[in-house]
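Remarks on the structure that follows.
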Amino acid sequence: MKRAVYPGSFDPVTKGHLDIIERAAAIVDELIVGVLNNNEKTPLFSVEERVNMLKDVTVHIPNVRIEAFSGLSVEFVRKCNASFLVRGLRAVTDFEYELQMAQTNRSIDRNVDTLFFTTELKYAYISSTIVKEVACYGGDISGFVPAPVAERVYDKISLKTRGNRSEV
Ligand code: PNS
């Protein structure tokens, strides 16, 4: 059984992430998307919301499972009985950090290899950060994230803005 873990923040999941999920799922028996519950960062969406959005947009891929995790990615890989980590490379700017992460992970656990997928050119400039920035200023994010995710980003941002206004 070839099992891989695709870890990330997915705050929120983008069309680029979804493309990597579909392509990785096509070459393994099971793909587990691990959503990092990171206490250091302040995400826009809670880990439960991020997991639910991922579940909604991957419902058409039978061998994909979505789970939250905290701690080291390699520990999560071990817990899942997987042997591979999946990551996407958008541009050369991703490479340095991704290489360092893959080498660190392999030095922690020699049984874990990282598989890199090069992002589709049409998604190469998309990041969760850019999505939030564009949405914040009322821009159109329909090309960047799946439709149900776009709705939730706008809802969340307008809730936050309303919340901030009432605090003033
Ligand atoms: O989507 P992101 O934010 O680029 O994903 C980064 C992620 C979650 C893969 C990375 O930060 C990670 O693996 N965090 C868990 C802690 C860990 O294992 N760190 C060691 C890797 S050098």
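By convention in this document, the chains of the structure tokens carry letters A, B, ... by their order, each chain's residues are numbered from 1, and ligands are numbered from 1 in the order they are shown.
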Note to self: Please return as a PyMOL selection string the residues found within 7 Å of ligand 1, counting only C-alpha atoms and all ligand atoms.
What the structure shows: chain A and resi 7-10+36+71-74+100-101+104-105
Next item on the list: Could you give me, as JSON, numbers by chain, the residues within 8 Å of Ala24 of chain A, counting only C-alpha atoms and dropping anything in the same chain fewer than 5 positions from it?
Entry: {"A": [31, 86, 117]}
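Among the candidates A:Asn38, A:Ser128, A:Thr14, A:Ser46, the residue lying nearest to Lys156 of chain A is A:Ser46 (atoms considered: only C-alpha atoms).
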Which residues come within 12 Å of Glu75 of chain A, counting only C-alpha atoms, excluding same-chain residues fewer than 3 positions away, as a compact mmCIF listing (two decimals) with N, CA, C and O atoms, in the first residue's frame?
```
# COMPACT_ATOMS: atom_id res chain seq x y z
N VAL A 5 1.56 11.60 2.47
CA VAL A 5 0.96 12.70 3.23
C VAL A 5 1.31 14.02 2.56
O VAL A 5 2.47 14.25 2.24
N PRO A 7 1.30 17.64 3.61
CA PRO A 7 1.07 18.54 4.75
C PRO A 7 1.04 20.01 4.32
O PRO A 7 1.67 20.37 3.33
N GLY A 34 -2.67 16.54 5.31
CA GLY A 34 -2.50 16.88 6.72
C GLY A 34 -2.58 18.39 6.90
O GLY A 34 -1.78 19.14 6.35
N PHE A 69 -3.37 17.83 11.98
CA PHE A 69 -2.26 17.31 12.79
C PHE A 69 -1.53 18.47 13.45
O PHE A 69 -1.65 19.62 13.01
N SER A 70 -0.83 18.15 14.53
CA SER A 70 0.06 19.16 15.11
C SER A 70 1.41 18.50 15.34
O SER A 70 1.51 17.27 15.37
N GLY A 71 2.44 19.30 15.49
CA GLY A 71 3.78 18.75 15.67
C GLY A 71 4.49 18.57 14.35
O GLY A 71 4.14 19.22 13.35
N LEU A 72 5.46 17.66 14.34
CA LEU A 72 6.29 17.48 13.14
C LEU A 72 5.55 16.72 12.05
O LEU A 72 4.84 15.74 12.33
N ARG A 78 4.60 9.10 9.98
CA ARG A 78 4.80 7.82 10.67
C ARG A 78 3.48 7.29 11.23
O ARG A 78 3.12 6.15 11.06
N LYS A 79 2.75 8.21 11.88
CA LYS A 79 1.46 7.85 12.49
C LYS A 79 0.47 7.33 11.44
O LYS A 79 -0.34 6.44 11.71
N CYS A 80 0.58 7.87 10.24
CA CYS A 80 -0.33 7.46 9.15
C CYS A 80 0.16 6.20 8.44
O CYS A 80 -0.49 5.74 7.50
N ASN A 81 1.31 5.67 8.85
CA ASN A 81 1.91 4.53 8.15
C ASN A 81 2.20 4.85 6.69
O ASN A 81 1.97 4.03 5.81
N ALA A 82 2.64 6.07 6.46
CA ALA A 82 2.95 6.50 5.09
C ALA A 82 4.46 6.54 4.90
O ALA A 82 5.22 6.50 5.87
N SER A 83 4.91 6.60 3.63
CA SER A 83 6.35 6.65 3.36
C SER A 83 6.75 7.89 2.61
O SER A 83 7.94 8.12 2.38
N PHE A 84 5.78 8.66 2.16
CA PHE A 84 6.11 9.83 1.33
C PHE A 84 5.44 11.09 1.85
O PHE A 84 4.32 11.05 2.35
N LEU A 85 6.18 12.19 1.66
CA LEU A 85 5.62 13.52 1.87
C LEU A 85 5.44 14.12 0.48
O LEU A 85 6.29 13.93 -0.40
N ASN A 105 13.59 16.76 7.08
CA ASN A 105 12.65 15.66 7.34
C ASN A 105 13.31 14.30 7.14
O ASN A 105 13.10 13.38 7.91
N ARG A 106 14.14 14.20 6.10
CA ARG A 106 14.79 12.92 5.82
C ARG A 106 15.86 12.62 6.88
O ARG A 106 16.11 11.47 7.20
N ILE A 108 15.52 13.42 9.95
CA ILE A 108 14.78 12.98 11.14
C ILE A 108 14.31 11.54 10.95
O ILE A 108 14.34 10.73 11.87
N ASP A 109 13.85 11.24 9.74
CA ASP A 109 13.37 9.87 9.48
C ASP A 109 13.79 9.42 8.08
O ASP A 109 13.25 9.91 7.08
N ASN A 111 13.18 6.88 6.52
CA ASN A 111 12.19 6.11 5.76
C ASN A 111 11.19 7.01 5.02
O ASN A 111 10.29 6.51 4.35
N VAL A 112 11.36 8.31 5.20
CA VAL A 112 10.41 9.24 4.57
C VAL A 112 11.09 10.00 3.44
O VAL A 112 12.11 10.65 3.64
```
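With only C-alpha atoms as the atoms that count, the minimum distance from Thr42 of chain A to the choices A:Asp155, A:Asp29, A:Asp11, A:Val57 is reached by A:Asp11.
Considering the residues A:Val92, A:Ala102, A:Tyr137, A:Asp19 and counting only C-alpha atoms, Ile61 of chain A has its shortest atom-to-atom contact with A:Asp19.
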Margin query: Taking only segment 6-149 of chain A into account, list the residues labelled helix (DSSP H, G or I) by DSSP (computed from the backbone), as a PyMOL selection string.
Written below: chain A and resi 15-25+47-57+73-79+92-108+121-123+128-136+147-149
Write the residues you've just listed into a file as a short mmCIF file (atom, residue, chain, number, x, y, z; two decimals), in the first residue's frame, and include C-alpha atoms for each of them.
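This is the output file selection_21.cif:
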```cif
data_model
loop_
_atom_site.label_atom_id
_atom_site.label_comp_id
_atom_site.auth_asym_id
_atom_site.auth_seq_id
_atom_site.Cartn_x
_atom_site.Cartn_y
_atom_site.Cartn_z
CA LYS A 15 -6.77 25.68 -6.96
CA GLY A 16 -3.00 25.09 -6.98
CA HIS A 17 -3.24 22.88 -3.88
CA LEU A 18 -6.19 21.00 -5.39
CA ASP A 19 -4.24 20.33 -8.58
CA ILE A 20 -1.36 18.85 -6.53
CA ILE A 21 -3.84 16.74 -4.51
CA GLU A 22 -5.42 15.33 -7.69
CA ARG A 23 -2.07 14.52 -9.30
CA ALA A 24 -0.56 13.00 -6.15
CA ALA A 25 -3.69 10.92 -5.50
CA VAL A 47 -8.21 24.03 11.64
CA GLU A 48 -11.75 22.53 11.59
CA GLU A 49 -12.84 25.02 8.91
CA ARG A 50 -9.76 24.28 6.81
CA VAL A 51 -10.35 20.52 7.12
CA ASN A 52 -14.02 20.93 6.13
CA MET A 53 -13.20 23.07 3.09
CA LEU A 54 -10.66 20.47 1.95
CA LYS A 55 -13.21 17.67 2.46
CA ASP A 56 -15.75 19.57 0.34
CA VAL A 57 -13.39 20.20 -2.58
CA SER A 73 5.16 16.46 9.66
CA VAL A 74 7.39 13.36 9.73
CA GLU A 75 5.78 12.21 12.99
CA PHE A 76 2.39 12.54 11.30
CA VAL A 77 3.69 10.58 8.29
CA ARG A 78 4.80 7.82 10.67
CA LYS A 79 1.46 7.85 12.49
CA VAL A 92 12.54 28.71 -7.89
CA THR A 93 11.80 30.91 -4.85
CA ASP A 94 10.08 27.92 -3.19
CA PHE A 95 13.04 25.68 -3.83
CA GLU A 96 15.46 26.74 -1.10
CA TYR A 97 12.93 26.39 1.72
CA GLU A 98 11.45 23.17 0.32
CA LEU A 99 14.87 21.58 -0.13
CA GLN A 100 15.85 22.47 3.43
CA MET A 101 12.57 21.08 4.73
CA ALA A 102 12.88 17.84 2.73
CA GLN A 103 16.48 17.32 3.87
CA THR A 104 15.57 18.05 7.50
CA ASN A 105 12.65 15.66 7.34
CA ARG A 106 14.79 12.92 5.82
CA SER A 107 17.46 13.42 8.46
CA ILE A 108 14.78 12.98 11.14
CA LEU A 121 1.89 27.15 -14.79
CA LYS A 122 -1.57 28.70 -14.60
CA TYR A 123 -1.50 28.33 -10.79
CA SER A 128 -3.20 31.38 0.21
CA THR A 129 -1.68 34.71 1.31
CA ILE A 130 -2.39 36.34 -2.07
CA VAL A 131 -5.96 35.00 -1.98
CA LYS A 132 -6.59 36.62 1.42
CA GLU A 133 -4.98 39.88 0.35
CA VAL A 134 -7.07 40.18 -2.85
CA ALA A 135 -10.28 39.21 -1.02
CA CYS A 136 -9.56 41.77 1.71
CA ALA A 147 -16.10 28.30 -5.67
CA PRO A 148 -17.26 27.07 -2.23
CA VAL A 149 -13.96 28.25 -0.74
#
```
Notebook entry, point to check: Could you pull out all residues of segment 20-145 of chain A with a DSSP call of strand (DSSP E or B) and give them as a ChimeraX atom specification?
Noted result: /A:30-36,64-69,84-89,113-118
Mind writing the picked residues with N, CA and C atoms as a PDB file, in the first residue's frame?
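Result written to again_3.pdb:
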```
ATOM      1  N   GLU A  30      -3.199   5.783  -1.334  1.00  0.00           N
ATOM      2  CA  GLU A  30      -3.953   6.679  -0.463  1.00  0.00           C
ATOM      3  C   GLU A  30      -3.151   7.951  -0.211  1.00  0.00           C
ATOM      4  N   LEU A  31      -3.843   9.078  -0.303  1.00  0.00           N
ATOM      5  CA  LEU A  31      -3.210  10.371  -0.007  1.00  0.00           C
ATOM      6  C   LEU A  31      -3.923  10.979   1.200  1.00  0.00           C
ATOM      7  N   ILE A  32      -3.121  11.292   2.211  1.00  0.00           N
ATOM      8  CA  ILE A  32      -3.682  11.953   3.391  1.00  0.00           C
ATOM      9  C   ILE A  32      -3.236  13.410   3.364  1.00  0.00           C
ATOM     10  N   VAL A  33      -4.195  14.303   3.316  1.00  0.00           N
ATOM     11  CA  VAL A  33      -3.861  15.729   3.363  1.00  0.00           C
ATOM     12  C   VAL A  33      -3.847  16.127   4.841  1.00  0.00           C
ATOM     13  N   GLY A  34      -2.672  16.543   5.308  1.00  0.00           N
ATOM     14  CA  GLY A  34      -2.501  16.883   6.724  1.00  0.00           C
ATOM     15  C   GLY A  34      -2.585  18.391   6.901  1.00  0.00           C
ATOM     16  N   VAL A  35      -3.563  18.833   7.673  1.00  0.00           N
ATOM     17  CA  VAL A  35      -3.758  20.269   7.887  1.00  0.00           C
ATOM     18  C   VAL A  35      -3.108  20.643   9.214  1.00  0.00           C
ATOM     19  N   LEU A  36      -2.085  21.489   9.121  1.00  0.00           N
ATOM     20  CA  LEU A  36      -1.316  21.820  10.327  1.00  0.00           C
ATOM     21  C   LEU A  36      -2.105  22.717  11.274  1.00  0.00           C
ATOM     22  N   VAL A  64      -8.547  10.012  -1.151  1.00  0.00           N
ATOM     23  CA  VAL A  64      -7.995  11.134  -0.374  1.00  0.00           C
ATOM     24  C   VAL A  64      -8.696  11.226   0.974  1.00  0.00           C
ATOM     25  N   ARG A  65      -7.888  11.401   2.020  1.00  0.00           N
ATOM     26  CA  ARG A  65      -8.402  11.558   3.373  1.00  0.00           C
ATOM     27  C   ARG A  65      -7.859  12.878   3.916  1.00  0.00           C
ATOM     28  N   ILE A  66      -8.667  13.610   4.650  1.00  0.00           N
ATOM     29  CA  ILE A  66      -8.222  14.897   5.194  1.00  0.00           C
ATOM     30  C   ILE A  66      -8.146  14.784   6.712  1.00  0.00           C
ATOM     31  N   GLU A  67      -7.004  15.160   7.278  1.00  0.00           N
ATOM     32  CA  GLU A  67      -6.855  15.087   8.741  1.00  0.00           C
ATOM     33  C   GLU A  67      -6.083  16.287   9.262  1.00  0.00           C
ATOM     34  N   ALA A  68      -6.410  16.694  10.475  1.00  0.00           N
ATOM     35  CA  ALA A  68      -5.637  17.747  11.128  1.00  0.00           C
ATOM     36  C   ALA A  68      -4.466  17.089  11.854  1.00  0.00           C
ATOM     37  N   PHE A  69      -3.367  17.828  11.982  1.00  0.00           N
ATOM     38  CA  PHE A  69      -2.258  17.312  12.791  1.00  0.00           C
ATOM     39  C   PHE A  69      -1.535  18.474  13.445  1.00  0.00           C
ATOM     40  N   PHE A  84       5.778   8.657   2.156  1.00  0.00           N
ATOM     41  CA  PHE A  84       6.113   9.831   1.332  1.00  0.00           C
ATOM     42  C   PHE A  84       5.439  11.090   1.849  1.00  0.00           C
ATOM     43  N   LEU A  85       6.184  12.188   1.657  1.00  0.00           N
ATOM     44  CA  LEU A  85       5.624  13.517   1.866  1.00  0.00           C
ATOM     45  C   LEU A  85       5.440  14.120   0.477  1.00  0.00           C
ATOM     46  N   VAL A  86       4.366  14.830   0.267  1.00  0.00           N
ATOM     47  CA  VAL A  86       4.126  15.491  -1.013  1.00  0.00           C
ATOM     48  C   VAL A  86       4.209  16.993  -0.801  1.00  0.00           C
ATOM     49  N   ARG A  87       4.899  17.674  -1.696  1.00  0.00           N
ATOM     50  CA  ARG A  87       4.932  19.139  -1.661  1.00  0.00           C
ATOM     51  C   ARG A  87       4.891  19.663  -3.097  1.00  0.00           C
ATOM     52  N   GLY A  88       4.377  20.864  -3.251  1.00  0.00           N
ATOM     53  CA  GLY A  88       4.333  21.501  -4.565  1.00  0.00           C
ATOM     54  C   GLY A  88       5.417  22.549  -4.679  1.00  0.00           C
ATOM     55  N   LEU A  89       5.976  22.669  -5.869  1.00  0.00           N
ATOM     56  CA  LEU A  89       6.983  23.714  -6.139  1.00  0.00           C
ATOM     57  C   LEU A  89       6.414  24.660  -7.175  1.00  0.00           C
ATOM     58  N   ASP A 113      10.513   9.899   2.251  1.00  0.00           N
ATOM     59  CA  ASP A 113      11.011  10.658   1.099  1.00  0.00           C
ATOM     60  C   ASP A 113       9.995  11.712   0.701  1.00  0.00           C
ATOM     61  N   THR A 114      10.503  12.831   0.179  1.00  0.00           N
ATOM     62  CA  THR A 114       9.586  13.886  -0.274  1.00  0.00           C
ATOM     63  C   THR A 114       9.434  13.826  -1.785  1.00  0.00           C
ATOM     64  N   LEU A 115       8.193  13.813  -2.230  1.00  0.00           N
ATOM     65  CA  LEU A 115       7.889  13.866  -3.670  1.00  0.00           C
ATOM     66  C   LEU A 115       7.463  15.282  -4.009  1.00  0.00           C
ATOM     67  N   PHE A 116       8.152  15.887  -4.978  1.00  0.00           N
ATOM     68  CA  PHE A 116       7.795  17.247  -5.382  1.00  0.00           C
ATOM     69  C   PHE A 116       7.007  17.233  -6.689  1.00  0.00           C
ATOM     70  N   PHE A 117       5.932  17.999  -6.689  1.00  0.00           N
ATOM     71  CA  PHE A 117       5.158  18.203  -7.913  1.00  0.00           C
ATOM     72  C   PHE A 117       5.336  19.653  -8.341  1.00  0.00           C
ATOM     73  N   THR A 118       5.673  19.858  -9.612  1.00  0.00           N
ATOM     74  CA  THR A 118       5.755  21.236 -10.077  1.00  0.00           C
ATOM     75  C   THR A 118       4.328  21.716 -10.350  1.00  0.00           C
TER      76      THR A 118
END
```
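Picture a line from atom CA of Ser158 of chain A to atom CA of Ile126 of chain A; it runs 21.7 Å.
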